[in-house]
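A short write-up of the structure that comes next.
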Amino acid sequence: MPKHKRDTIESESDDNKHPKKMRKTKKTNKRQPVSEESKKAKKQRDEAIEAAKKENSKNGVRGRVRCNKLPHRFDKTLKDKSWPVVKGFKNINVCSGAPGAYKNLSPMKLGPIEYNLKDDGNGEEGTILIKNLENCWQFSKVWNGEEDKRTKLPVEEFWARRKTGWEDEKAHRWVKKGNDENGNKNIPLYSYWKGQKLSYLQARGAIYCPLYAALVQETDAYKKLKKLVDEGTNVQILGFDGYDYDGEGMSLADCYKSTRRPFGHEHVLCALLSGEHVWCNK
């Protein structure tokens with residue numbers, strides 16, 4: 001396995017050392033100059049990526065694909081917020097806030113999705129246009145207090161909240177974060193999709209993975225990324241739900257079956273690029 005290093009180009013600035021300078025920097029939107037050491041490190045990384053690409057091309061193989069976690073800049077538990085670096089691998093940020101085309105790989109940017117309300121089996125007719133995949137996924141979850149104790153089906157509160165969420169242009173990563181009214185961690189009871197109550201794993205295979213795969217493969221961003229890999233470039237997919245499954249000795253199938261952690265769009269991308277459609281292996 002390649003050894004991990006940490007990317008030091010985008011270091012955090014110390015606001016306390018130069019308060020006046022920082023205020024000016026924020027006002028004028030100027031970036032701090034990159035040190036010569038950082039420039040040298042970036043050049044070495046770029047050279048390693050190009051060398052790996054040439055070696056792959058020479059051997060007639062595609063680029064390798066791996067995954068890792070993108071540190072969140074607002075995560076106060078992290079002392080080191082630099083990006084993970086693996087020699088010979090090009091980092092690809094696939095979050096909605098990423099610069100350039102790759103932000104369009106985020107489920108927050110994918111959609112719309114047409115849904116037939118008749119499939120719910122609750123008497124509604126017609127269709128609804130779900131604005132983005134993130135809200136499709138998040139607002140399909142039924143939470144504690146949203147199920148009728150007699151019928152064991154979602155109550156009106158769920159249907160109303162789902163409609164509002166599905167029709168919202170703004171993507172919501174969290175719907176009910178934190179604890180419920182009893183102090184217990186908010187965990188959805190299940191996802192409701194086309195008349196079925198789905199467990200976390202079932203919903204992953206019926207909703208998130210197939211919809212994401214179908215939508216993302218139509219984007220220019222995915223075609224650009226696939227072209228990189230097809231031409232021999234090794235890529236490391238970075239996102240907030242990503243993790244180094246290779247380093248943990250896990251396969252994509254292991255990640256998919258595990259309910260301890262999300263199988264986010266980072267992993268679906270890895271699966272698509274590697275030709276391992278693990279959600280189809282039921």
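Following the order of the structure tokens, first chain is A, next is B, and so on, with residues numbered from 1 inside each chain and ligands from 1 in the order they appear.
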
Residue contacts of segment 222-230 of chain A (9 Å, only C-alpha atoms) excluding same-chain residues fewer than 2 positions away, as a PyMOL selection string = chain A and resi 61-65+92+101-102+104-105+216-220+232-235+269+273

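Backbone DSSP assigns alpha helix (DSSP H) in segment 45-126 of chain A to Arg45, Asp46, Glu47, Ala48, Ile49, Glu50, Ala51, Ala52, Lys53, Lys54, Glu55, Asn56, Ser57 and Lys58 of chain A.
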
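Each of A:Leu133, A:Ile128, A:Ala221, A:Ala203 was compared to Ala98 of chain A using only C-alpha atoms, and A:Ala221 turns out to be the nearest.
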
Would you mind writing down, as number ranges by chain, each residue of segment 128-200 of chain A that DSSP on the backbone assigns to strand (DSSP E)?
-> A: 128-130, 141-142, 190-193, 196-198

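Counting only C-alpha atoms, the residue from A:Ile237, A:Cys67, A:Leu153, A:Ala51 that sits nearest to Gly195 of chain A is A:Leu153.
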
Would you please work out which residue, of A:Pro262, A:Asp148, A:Lys141, A:Gly126, is nearest to Ser199 of chain A when using only C-alpha atoms?
-> A:Lys141

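Between atom CA of Glu167 of chain A and atom CA of Lys131 of chain A there is a distance of 5.7 Å.
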
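Closest approach to Glu266 of chain A among A:Glu231, A:Asp168, A:Asp244, A:Glu146: A:Asp244, based on only C-alpha atoms.
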
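Closest approach to Thr259 of chain A among A:Gly88, A:Arg45, A:Arg204, A:Ser82 is made by A:Arg204 (distances from only C-alpha atoms).
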